[in-house]
>>> print(open('work-v2.pdb').read())   # PDB, C-alpha atoms, pLDDT in the B column
ATOM      1  CA  MET A   1     112.089 112.144-109.937  1.00 50.00           C
ATOM      2  CA  SER A   2     113.241 109.341-107.607  1.00 59.00           C
ATOM      3  CA  LEU A   3     116.496 108.733-105.794  1.00 67.00           C
ATOM      4  CA  ARG A   4     118.759 106.234-107.544  1.00 81.00           C
ATOM      5  CA  ARG A   5     121.804 104.432-106.206  1.00 84.00           C
ATOM      6  CA  LEU A   6     124.570 105.151-108.688  1.00 86.00           C
ATOM      7  CA  GLY A   7     127.447 103.245-107.161  1.00 85.00           C
ATOM      8  CA  ILE A   8     129.091 101.928-104.029  1.00 84.00           C
ATOM      9  CA  SER A   9     132.780 101.207-103.565  1.00 85.00           C
ATOM     10  CA  ASN A  10     135.393 100.202-101.003  1.00 87.00           C
ATOM     11  CA  PRO A  11     138.491 101.298-102.937  1.00 90.00           C
ATOM     12  CA  ASP A  12     142.100 100.343-102.352  1.00 92.00           C
ATOM     13  CA  PRO A  13     143.906 103.079-100.384  1.00 94.00           C
ATOM     14  CA  ASN A  14     145.226 106.058-102.372  1.00 94.00           C
ATOM     15  CA  THR A  15     143.783 104.725-105.628  1.00 94.00           C
ATOM     16  CA  ASP A  16     141.559 106.768-107.932  1.00 95.00           C
ATOM     17  CA  THR A  17     138.570 104.483-108.432  1.00 95.00           C
ATOM     18  CA  LEU A  18     135.696 104.879-110.883  1.00 95.00           C
ATOM     19  CA  ILE A  19     132.405 104.665-109.009  1.00 94.00           C
ATOM     20  CA  TYR A  20     129.968 105.712-111.744  1.00 93.00           C
ATOM     21  CA  THR A  21     129.771 106.554-115.449  1.00 93.00           C
ATOM     22  CA  SER A  22     126.718 108.724-116.081  1.00 91.00           C
ATOM     23  CA  ASP A  23     123.996 107.691-118.502  1.00 88.00           C
ATOM     24  CA  GLY A  24     122.045 110.934-118.094  1.00 84.00           C
ATOM     25  CA  ASN A  25     121.797 114.154-116.081  1.00 84.00           C
ATOM     26  CA  TYR A  26     121.848 113.751-112.293  1.00 87.00           C
ATOM     27  CA  LEU A  27     122.045 115.774-109.108  1.00 86.00           C
ATOM     28  CA  VAL A  28     124.455 113.665-107.057  1.00 90.00           C
ATOM     29  CA  SER A  29     125.582 113.317-103.469  1.00 88.00           C
ATOM     30  CA  VAL A  30     128.350 111.047-102.185  1.00 91.00           C
ATOM     31  CA  LEU A  31     128.419 109.676 -98.634  1.00 91.00           C
ATOM     32  CA  VAL A  32     131.963 108.938 -97.463  1.00 92.00           C
ATOM     33  CA  THR A  33     132.531 106.730 -94.417  1.00 92.00           C
ATOM     34  CA  ASN A  34     135.888 106.294 -92.713  1.00 92.00           C
ATOM     35  CA  GLY A  35     135.808 102.804 -91.240  1.00 90.00           C
ATOM     36  CA  SER A  36     139.589 102.566 -90.893  1.00 90.00           C
ATOM     37  CA  GLY A  37     139.776 103.360 -87.188  1.00 88.00           C
ATOM     38  CA  GLN A  38     142.210 106.208 -87.886  1.00 92.00           C
ATOM     39  CA  LEU A  39     142.046 109.758 -89.195  1.00 94.00           C
ATOM     40  CA  GLY A  40     142.049 109.725 -92.999  1.00 93.00           C
ATOM     41  CA  SER A  41     141.228 111.794 -96.054  1.00 94.00           C
ATOM     42  CA  ALA A  42     138.996 111.435 -99.091  1.00 94.00           C
ATOM     43  CA  THR A  43     138.753 112.842-102.602  1.00 94.00           C
ATOM     44  CA  VAL A  44     135.807 112.967-105.018  1.00 93.00           C
ATOM     45  CA  TYR A  45     136.089 114.375-108.531  1.00 94.00           C
ATOM     46  CA  ILE A  46     134.341 114.429-111.907  1.00 93.00           C
ATOM     47  CA  ASP A  47     135.963 113.536-115.210  1.00 92.00           C
ATOM     48  CA  PRO A  48     133.741 115.610-117.548  1.00 89.00           C
ATOM     49  CA  LEU A  49     132.653 113.791-120.695  1.00 83.00           C
ATOM     50  CA  SER A  50     135.088 110.990-119.777  1.00 85.00           C
ATOM     51  CA  SER A  51     137.928 113.064-121.214  1.00 82.00           C
ATOM     52  CA  GLY A  52     140.642 111.371-119.163  1.00 86.00           C
ATOM     53  CA  VAL A  53     142.568 114.661-119.068  1.00 86.00           C
ATOM     54  CA  VAL A  54     143.901 115.530-115.598  1.00 87.00           C
ATOM     55  CA  ALA A  55     143.495 119.275-116.215  1.00 84.00           C
ATOM     56  CA  ASP A  56     139.775 118.762-116.917  1.00 85.00           C
ATOM     57  CA  ARG A  57     139.021 117.224-113.529  1.00 88.00           C
ATOM     58  CA  VAL A  58     136.417 118.977-111.390  1.00 89.00           C
ATOM     59  CA  TYR A  59     137.162 118.313-107.712  1.00 90.00           C
ATOM     60  CA  ILE A  60     134.139 118.142-105.443  1.00 89.00           C
ATOM     61  CA  VAL A  61     136.334 117.563-102.372  1.00 89.00           C
ATOM     62  CA  LYS A  62     140.088 116.998-102.366  1.00 89.00           C
ATOM     63  CA  ASN A  63     141.969 115.364 -99.492  1.00 91.00           C
ATOM     64  CA  ILE A  64     139.280 116.376 -97.013  1.00 91.00           C
ATOM     65  CA  GLN A  65     139.993 114.902 -93.583  1.00 91.00           C
ATOM     66  CA  ILE A  66     137.456 112.605 -91.895  1.00 92.00           C
ATOM     67  CA  GLU A  67     137.827 111.343 -88.356  1.00 91.00           C
ATOM     68  CA  ALA A  68     137.811 107.630 -87.588  1.00 90.00           C
ATOM     69  CA  SER A  69     134.363 105.981 -87.619  1.00 88.00           C
ATOM     70  CA  ASN A  70     132.776 109.160 -89.009  1.00 90.00           C
ATOM     71  CA  SER A  71     130.884 109.889 -92.216  1.00 88.00           C
ATOM     72  CA  LEU A  72     130.679 112.940 -94.440  1.00 87.00           C
ATOM     73  CA  GLU A  73     128.153 113.721 -97.164  1.00 85.00           C
ATOM     74  CA  VAL A  74     129.691 115.964 -99.795  1.00 85.00           C
ATOM     75  CA  HIS A  75     127.618 118.837-101.163  1.00 76.00           C
ATOM     76  CA  LYS A  76     125.345 117.989-104.099  1.00 81.00           C
ATOM     77  CA  PHE A  77     126.743 118.418-107.595  1.00 85.00           C
ATOM     78  CA  ALA A  78     125.478 117.995-111.148  1.00 85.00           C
ATOM     79  CA  ILE A  79     126.766 115.498-113.685  1.00 88.00           C
ATOM     80  CA  ASN A  80     125.815 114.973-117.294  1.00 85.00           C
ATOM     81  CA  ASP A  81     125.756 112.122-119.790  1.00 86.00           C
ATOM     82  CA  THR A  82     129.146 110.283-120.031  1.00 91.00           C
ATOM     83  CA  ASP A  83     130.654 112.148-117.044  1.00 92.00           C
ATOM     84  CA  LYS A  84     132.576 109.873-114.684  1.00 94.00           C
ATOM     85  CA  ILE A  85     132.793 110.105-110.896  1.00 95.00           C
ATOM     86  CA  TYR A  86     136.065 109.013-109.275  1.00 95.00           C
ATOM     87  CA  ILE A  87     136.756 108.573-105.569  1.00 96.00           C
ATOM     88  CA  SER A  88     139.726 107.733-103.374  1.00 94.00           C
ATOM     89  CA  GLY A  89     140.445 107.261 -99.671  1.00 94.00           C
ATOM     90  CA  SER A  90     143.759 107.457 -97.882  1.00 95.00           C
ATOM     91  CA  ARG A  91     143.249 104.306 -95.807  1.00 93.00           C
ATOM     92  CA  GLU A  92     141.831 100.808 -96.001  1.00 92.00           C
ATOM     93  CA  GLY A  93     138.239 100.805 -94.750  1.00 91.00           C
ATOM     94  CA  PHE A  94     136.926 103.876 -96.564  1.00 93.00           C
ATOM     95  CA  SER A  95     133.569 103.376 -98.309  1.00 93.00           C
ATOM     96  CA  PHE A  96     131.726 105.593-100.785  1.00 92.00           C
ATOM     97  CA  LEU A  97     128.031 105.587-101.663  1.00 91.00           C
ATOM     98  CA  ALA A  98     126.883 107.716-104.608  1.00 91.00           C
ATOM     99  CA  GLU A  99     123.182 108.490-105.047  1.00 89.00           C
ATOM    100  CA  GLY A 100     121.487 110.753-107.552  1.00 88.00           C
ATOM    101  CA  ILE A 101     118.209 112.239-108.705  1.00 85.00           C
ATOM    102  CA  GLU A 102     117.738 112.302-112.456  1.00 80.00           C
ATOM    103  CA  GLN A 103     117.279 115.814-113.790  1.00 73.00           C
ATOM    104  CA  THR A 104     115.659 116.316-117.163  1.00 60.00           C
ATOM    105  CA  ASP A 105     116.266 120.059-117.196  1.00 48.00           C
ATOM    106  CA  LEU A 106     119.971 120.321-116.348  1.00 44.00           C
ATOM    107  CA  ILE A 107     122.062 122.435-118.688  1.00 45.00           C
ATOM    108  CA  ALA A 108     125.123 120.591-119.956  1.00 44.00           C
ATOM    109  CA  TYR A 109     128.211 121.243-117.841  1.00 42.00           C
ATOM    110  CA  SER A 110     130.573 123.909-119.047  1.00 44.00           C
ATOM    111  CA  PRO A 111     133.172 125.899-117.108  1.00 45.00           C
ATOM    112  CA  LYS A 112     131.817 129.262-115.966  1.00 50.00           C
ATOM    113  CA  GLU A 113     133.697 132.513-115.819  1.00 60.00           C
ATOM    114  CA  LEU A 114     134.034 133.604-112.191  1.00 73.00           C
ATOM    115  CA  LEU A 115     134.008 137.398-112.035  1.00 80.00           C
ATOM    116  CA  PRO A 116     135.944 139.069-109.185  1.00 87.00           C
ATOM    117  CA  PHE A 117     134.257 141.396-106.691  1.00 88.00           C
ATOM    118  CA  THR A 118     137.005 143.460-105.022  1.00 93.00           C
ATOM    119  CA  ILE A 119     136.484 144.636-101.428  1.00 94.00           C
ATOM    120  CA  SER A 120     138.988 146.860 -99.613  1.00 93.00           C
ATOM    121  CA  GLY A 121     137.456 146.805 -96.115  1.00 94.00           C
ATOM    122  CA  THR A 122     138.003 144.330 -93.286  1.00 96.00           C
ATOM    123  CA  SER A 123     134.361 143.314 -92.850  1.00 96.00           C
ATOM    124  CA  HIS A 124     131.574 142.434 -95.236  1.00 96.00           C
ATOM    125  CA  THR A 125     128.033 141.071 -95.148  1.00 96.00           C
ATOM    126  CA  LEU A 126     127.024 138.834 -98.040  1.00 95.00           C
ATOM    127  CA  ILE A 127     124.623 140.438-100.507  1.00 91.00           C
ATOM    128  CA  PHE A 128     122.633 139.146-103.461  1.00 86.00           C
ATOM    129  CA  ASP A 129     125.137 140.552-105.978  1.00 83.00           C
ATOM    130  CA  ASN A 130     127.868 138.368-104.437  1.00 89.00           C
ATOM    131  CA  ILE A 131     126.297 135.163-105.821  1.00 87.00           C
ATOM    132  CA  ASP A 132     128.689 133.303-108.151  1.00 85.00           C
ATOM    133  CA  ARG A 133     131.361 135.970-107.646  1.00 89.00           C
ATOM    134  CA  LEU A 134     134.879 135.703-106.278  1.00 91.00           C
ATOM    135  CA  LEU A 135     135.004 138.090-103.321  1.00 94.00           C
ATOM    136  CA  ASN A 136     138.595 139.312-103.400  1.00 94.00           C
ATOM    137  CA  PHE A 137     139.624 141.152-100.212  1.00 96.00           C
ATOM    138  CA  THR A 138     142.695 143.379-100.484  1.00 95.00           C
ATOM    139  CA  ASN A 139     143.148 144.672 -96.924  1.00 96.00           C
ATOM    140  CA  ALA A 140     146.243 143.512 -95.015  1.00 96.00           C
ATOM    141  CA  SER A 141     144.222 142.983 -91.806  1.00 96.00           C
ATOM    142  CA  PRO A 142     142.187 139.824 -91.071  1.00 96.00           C
ATOM    143  CA  ILE A 143     138.807 139.813 -92.818  1.00 97.00           C
ATOM    144  CA  THR A 144     135.403 138.926 -91.342  1.00 98.00           C
ATOM    145  CA  VAL A 145     132.457 137.995 -93.570  1.00 97.00           C
ATOM    146  CA  ASP A 146     128.985 137.619 -92.063  1.00 97.00           C
ATOM    147  CA  ILE A 147     126.172 135.502 -93.472  1.00 97.00           C
ATOM    148  CA  PRO A 148     122.830 137.284 -92.987  1.00 96.00           C
ATOM    149  CA  THR A 149     119.481 135.552 -92.665  1.00 94.00           C
ATOM    150  CA  ASN A 150     117.407 134.872 -95.741  1.00 90.00           C
ATOM    151  CA  ALA A 151     115.486 138.074 -95.001  1.00 89.00           C
ATOM    152  CA  GLY A 152     118.694 140.076 -95.385  1.00 89.00           C
ATOM    153  CA  ASN A 153     119.959 138.214 -98.459  1.00 88.00           C
ATOM    154  CA  PRO A 154     117.247 136.138-100.195  1.00 88.00           C
ATOM    155  CA  ALA A 155     119.722 134.153-102.293  1.00 86.00           C
ATOM    156  CA  PRO A 156     118.234 130.997-103.854  1.00 84.00           C
ATOM    157  CA  VAL A 157     119.127 127.648-102.306  1.00 83.00           C
ATOM    158  CA  GLY A 158     122.154 126.357-104.203  1.00 83.00           C
ATOM    159  CA  SER A 159     123.787 129.783-104.498  1.00 86.00           C
ATOM    160  CA  ARG A 160     127.591 129.787-104.251  1.00 89.00           C
ATOM    161  CA  PHE A 161     129.937 132.416-102.845  1.00 93.00           C
ATOM    162  CA  TYR A 162     133.719 132.256-103.368  1.00 93.00           C
ATOM    163  CA  LEU A 163     136.073 134.148-101.047  1.00 95.00           C
ATOM    164  CA  THR A 164     139.780 134.915-100.953  1.00 95.00           C
ATOM    165  CA  SER A 165     142.175 137.573 -99.658  1.00 95.00           C
ATOM    166  CA  THR A 166     145.423 138.753-101.174  1.00 94.00           C
ATOM    167  CA  GLN A 167     147.079 139.460 -97.824  1.00 95.00           C
ATOM    168  CA  ALA A 168     145.185 137.965 -94.878  1.00 96.00           C
ATOM    169  CA  SER A 169     142.842 135.254 -93.671  1.00 96.00           C
ATOM    170  CA  VAL A 170     139.052 135.354 -94.079  1.00 97.00           C
ATOM    171  CA  THR A 171     136.744 134.316 -91.216  1.00 98.00           C
ATOM    172  CA  ILE A 172     133.099 133.401 -91.815  1.00 98.00           C
ATOM    173  CA  THR A 173     130.482 134.212 -89.170  1.00 98.00           C
ATOM    174  CA  ALA A 174     126.763 133.442 -89.167  1.00 97.00           C
ATOM    175  CA  SER A 175     124.065 135.840 -88.016  1.00 96.00           C
ATOM    176  CA  PRO A 176     121.610 134.582 -85.361  1.00 96.00           C
ATOM    177  CA  GLY A 177     119.194 132.190 -87.043  1.00 96.00           C
ATOM    178  CA  VAL A 178     121.713 131.048 -89.664  1.00 96.00           C
ATOM    179  CA  THR A 179     123.290 127.582 -89.470  1.00 96.00           C
ATOM    180  CA  LEU A 180     126.851 127.267 -90.767  1.00 96.00           C
ATOM    181  CA  ARG A 181     127.977 123.682 -91.460  1.00 94.00           C
ATOM    182  CA  LYS A 182     131.559 122.549 -92.043  1.00 93.00           C
ATOM    183  CA  ASN A 183     133.939 119.700 -91.346  1.00 91.00           C
ATOM    184  CA  SER A 184     134.559 119.727 -87.578  1.00 90.00           C
ATOM    185  CA  LEU A 185     138.317 119.308 -88.087  1.00 91.00           C
ATOM    186  CA  TYR A 186     138.516 122.739 -89.678  1.00 93.00           C
ATOM    187  CA  SER A 187     137.829 126.248 -88.431  1.00 96.00           C
ATOM    188  CA  ALA A 188     135.677 128.826 -90.198  1.00 97.00           C
ATOM    189  CA  THR A 189     138.817 130.745 -91.190  1.00 97.00           C
ATOM    190  CA  SER A 190     140.802 130.407 -94.395  1.00 96.00           C
ATOM    191  CA  SER A 191     144.364 129.143 -94.104  1.00 94.00           C
ATOM    192  CA  GLY A 192     145.880 132.510 -95.072  1.00 94.00           C
ATOM    193  CA  ALA A 193     146.587 134.817 -97.960  1.00 94.00           C
ATOM    194  CA  ASN A 194     145.375 133.598-101.363  1.00 93.00           C
ATOM    195  CA  ALA A 195     143.481 130.650 -99.876  1.00 92.00           C
ATOM    196  CA  VAL A 196     140.098 130.170-101.534  1.00 92.00           C
ATOM    197  CA  ILE A 197     137.031 129.086 -99.568  1.00 95.00           C
ATOM    198  CA  GLN A 198     133.478 128.538-100.724  1.00 93.00           C
ATOM    199  CA  LEU A 199     129.980 128.825 -99.275  1.00 94.00           C
ATOM    200  CA  ILE A 200     126.941 127.028-100.667  1.00 91.00           C
ATOM    201  CA  LYS A 201     123.448 127.881 -99.508  1.00 90.00           C
ATOM    202  CA  THR A 202     121.903 124.510 -98.676  1.00 88.00           C
ATOM    203  CA  GLY A 203     118.687 125.682 -97.008  1.00 89.00           C
ATOM    204  CA  THR A 204     116.670 128.815 -96.333  1.00 90.00           C
ATOM    205  CA  ASN A 205     118.999 129.791 -93.498  1.00 94.00           C
ATOM    206  CA  GLU A 206     121.719 127.148 -93.856  1.00 94.00           C
ATOM    207  CA  TYR A 207     125.141 127.262 -95.513  1.00 95.00           C
ATOM    208  CA  LEU A 208     127.954 124.767 -96.101  1.00 93.00           C
ATOM    209  CA  LEU A 209     131.544 126.044 -95.813  1.00 94.00           C
ATOM    210  CA  PHE A 210     134.526 124.248 -97.351  1.00 93.00           C
ATOM    211  CA  GLY A 211     137.778 124.842 -99.180  1.00 91.00           C
ATOM    212  CA  ASP A 212     141.252 125.864 -98.019  1.00 92.00           C
ATOM    213  CA  LEU A 213     140.405 126.255 -94.314  1.00 93.00           C
ATOM    214  CA  ALA A 214     142.713 126.364 -91.316  1.00 94.00           C
ATOM    215  CA  LEU A 215     142.666 123.374 -88.972  1.00 93.00           C
ATOM    216  CA  VAL A 216     141.012 123.832 -85.589  1.00 90.00           C
TER     217      VAL A 216
END
>>> encode(input="work-v2.pdb", output="structure tokens")
Amino acid sequence: MSLRRLGISNPDPNTDTLIYTSDGNYLVSVLVTNGSGQLGSATVYIDPLSSGVVADRVYIVKNIQIEASNSLEVHKFAINDTDKIYISGSREGFSFLAEGIEQTDLIAYSPKELLPFTISGTSHTLIFDNIDRLLNFTNASPITVDIPTNAGNPAPVGSRFYLTSTQASVTITASPGVTLRKNSLYSATSSGANAVIQLIKTGTNEYLLFGDLALV
């Protein structure tokens, strides 16, 4: 399987622009560059099966802020035959490069039920059973969630963890030996009650954090 350039675009500001219509199954990444000279934001989403229905859109990133003259590679995502990838930037000078690796064994996209995992305490360490679950914290005090090393939680690379709290913010910490990556404009704390944040395991001891995070 070789890397293939799927599309490149310098869209008009604040305009949803089609960058690629899939002709197969791909694992995709999009590199976003803010060449505007000013702080701006970017959005990347999938239109599954080219439905054209707004409610069907799957947002990979939405209005994520990128500093001037900086680039951001969004986390890898799967697309299937006839899916469309749309992008938009808030300012003139944004560029988007989509690349993908063809996958012959991808299961066709379908929405997945996300089962809740309720936690009443104020601290938690991720465990294997948390994979693909919505960790729903109910305590009124601020919540802290620690990411253990791969030895403590041998989750496969690509595993996702979803986190929210009904009453407080959620802060993510990383155990020694674990690298936590995120947009530098944002903290590792959710923006407050009912905000949803997500972790993706991108390496043996590496995680990417994104979602409804509080600004630094």
>>> resolve_selection(input="work-v2.pdb", expression="the PyMOL selection byres ((chain A and resi 9-24) around 7)", output="list in words")
Leu6, Gly7, Ile8, Asn25, Tyr26, Asn80, Asp81, Thr82, Asp83, Lys84, Ile85, Tyr86, Ile87, Ser88, Gly89, Ser90, Arg91, Glu92, Gly93, Phe94, Ser95, Phe96 and Leu97 of chain A
>>> resolve_selection(input="work-v2.pdb", expression="the PyMOL selection byres ((chain A and resi 124) around 10)", output="PyMOL selection string")
chain A and resi 119-123+125-127+135+137+143-147+172
>>> residues_near_point(input="work-v2.pdb", point="(140.5, 131.0, -101.8)", cutoff="12 Å", atoms="all atoms listed in the file", output="JSON, numbers by chain")
{"A": [116, 133, 134, 135, 136, 137, 161, 162, 163, 164, 165, 166, 167, 168, 169, 170, 171, 189, 190, 191, 192, 193, 194, 195, 196, 197, 198, 199, 209, 210, 211, 212, 213, 214]}
>>> closest_residue(input="work-v2.pdb", among="A:Lys201, A:Thr43, A:Arg181, A:Ala188", to="A:Asn153", atoms="only C-alpha atoms")
A:Lys201
>>> residues_around(input="work-v2.pdb", residues="A:Ser69", least_positions_apart="2", cutoff="10 Å", atoms="only C-alpha atoms", output="list in words")
Thr33, Asn34, Gly35, Ser36, Gly37, Gln38, Leu39, Ile66, Glu67, Ser71, Gly93 and Phe94 of chain A
>>> resolve_selection(input="work-v2.pdb", expression="the PyMOL selection byres ((chain A and resi 159) around 6)", output="list in words")
Pro156, Val157, Gly158, Arg160, Ile200 and Lys201 of chain A
>>> atom_distance(input="work-v2.pdb", atom1="atom CA of A:Gln103", atom2="atom CA of A:Lys62")
25.5 Å
>>> atom_distance(input="work-v2.pdb", atom1="atom CA of A:Asp129", atom2="atom CA of A:Thr149")
15.3 Å
>>> atom_distance(input="work-v2.pdb", atom1="atom CA of A:Pro154", atom2="atom CA of A:Tyr207")
12.8 Å
>>> closest_residue(input="work-v2.pdb", among="A:Val178, A:Gly152, A:Val216, A:Ser187", to="A:Gly203", atoms="all atoms listed in the file")
A:Val178
>>> closest_residue(input="work-v2.pdb", among="A:Thr204, A:Gly177, A:Asn130, A:Ser41", to="A:Ile64", atoms="only C-alpha atoms")
A:Ser41
>>> closest_residue(input="work-v2.pdb", among="A:Leu31, A:Ser184, A:Ser51, A:Tyr45", to="A:Val74", atoms="only C-alpha atoms")
A:Leu31
>>> closest_residue(input="work-v2.pdb", among="A:Ala42, A:Ile60, A:Ala155, A:Val54", to="A:Phe77", atoms="only C-alpha atoms")
A:Ile60
>>> build_atoms(input="work-v2.pdb", residues="stretch 164-185 of chain A", atoms="N, CA and C atoms", output="short mmCIF file (atom, residue, chain, number, x, y, z; two decimals), in the coordinates of the input")
data_model
loop_
_atom_site.label_atom_id
_atom_site.label_comp_id
_atom_site.auth_asym_id
_atom_site.auth_seq_id
_atom_site.Cartn_x
_atom_site.Cartn_y
_atom_site.Cartn_z
N THR A 164 138.34 134.99 -101.12
CA THR A 164 139.78 134.92 -100.95
C THR A 164 140.30 136.28 -100.51
N SER A 165 141.55 136.32 -100.06
CA SER A 165 142.18 137.57 -99.66
C SER A 165 143.62 137.56 -100.15
N THR A 166 144.06 138.68 -100.64
CA THR A 166 145.42 138.75 -101.17
C THR A 166 146.48 138.83 -100.08
N GLN A 167 146.07 139.23 -98.86
CA GLN A 167 147.08 139.46 -97.82
C GLN A 167 146.77 138.85 -96.46
N ALA A 168 145.56 138.40 -96.23
CA ALA A 168 145.18 137.96 -94.88
C ALA A 168 144.21 136.80 -94.94
N SER A 169 143.83 136.33 -93.76
CA SER A 169 142.84 135.25 -93.67
C SER A 169 141.43 135.83 -93.71
N VAL A 170 140.46 134.97 -94.04
CA VAL A 170 139.05 135.35 -94.08
C VAL A 170 138.28 134.45 -93.12
N THR A 171 137.55 135.06 -92.18
CA THR A 171 136.74 134.32 -91.22
C THR A 171 135.27 134.49 -91.54
N ILE A 172 134.54 133.38 -91.54
CA ILE A 172 133.10 133.40 -91.82
C ILE A 172 132.33 133.34 -90.51
N THR A 173 131.38 134.24 -90.33
CA THR A 173 130.48 134.21 -89.17
C THR A 173 129.04 134.10 -89.66
N ALA A 174 128.18 133.62 -88.81
CA ALA A 174 126.76 133.44 -89.17
C ALA A 174 125.89 134.28 -88.24
N SER A 175 125.00 135.05 -88.82
CA SER A 175 124.06 135.84 -88.02
C SER A 175 123.14 134.92 -87.23
N PRO A 176 122.58 135.39 -86.11
CA PRO A 176 121.61 134.58 -85.36
C PRO A 176 120.50 134.08 -86.28
N GLY A 177 120.22 132.79 -86.19
CA GLY A 177 119.19 132.19 -87.04
C GLY A 177 119.75 131.50 -88.27
N VAL A 178 121.06 131.68 -88.52
CA VAL A 178 121.71 131.05 -89.66
C VAL A 178 122.59 129.90 -89.16
N THR A 179 122.46 128.74 -89.80
CA THR A 179 123.29 127.58 -89.47
C THR A 179 124.44 127.48 -90.46
N LEU A 180 125.66 127.42 -89.94
CA LEU A 180 126.85 127.27 -90.77
C LEU A 180 127.42 125.87 -90.53
N ARG A 181 127.46 125.05 -91.57
CA ARG A 181 127.98 123.68 -91.46
C ARG A 181 129.36 123.60 -92.10
N LYS A 182 130.21 122.78 -91.51
CA LYS A 182 131.56 122.55 -92.04
C LYS A 182 132.11 121.29 -91.42
N ASN A 183 133.23 120.81 -91.95
CA ASN A 183 133.94 119.70 -91.35
C ASN A 183 134.46 120.13 -89.98
N SER A 184 134.21 119.34 -88.94
CA SER A 184 134.56 119.73 -87.58
C SER A 184 136.07 119.80 -87.34
N LEU A 185 136.87 119.24 -88.24
CA LEU A 185 138.32 119.31 -88.09
C LEU A 185 138.87 120.67 -88.48
#
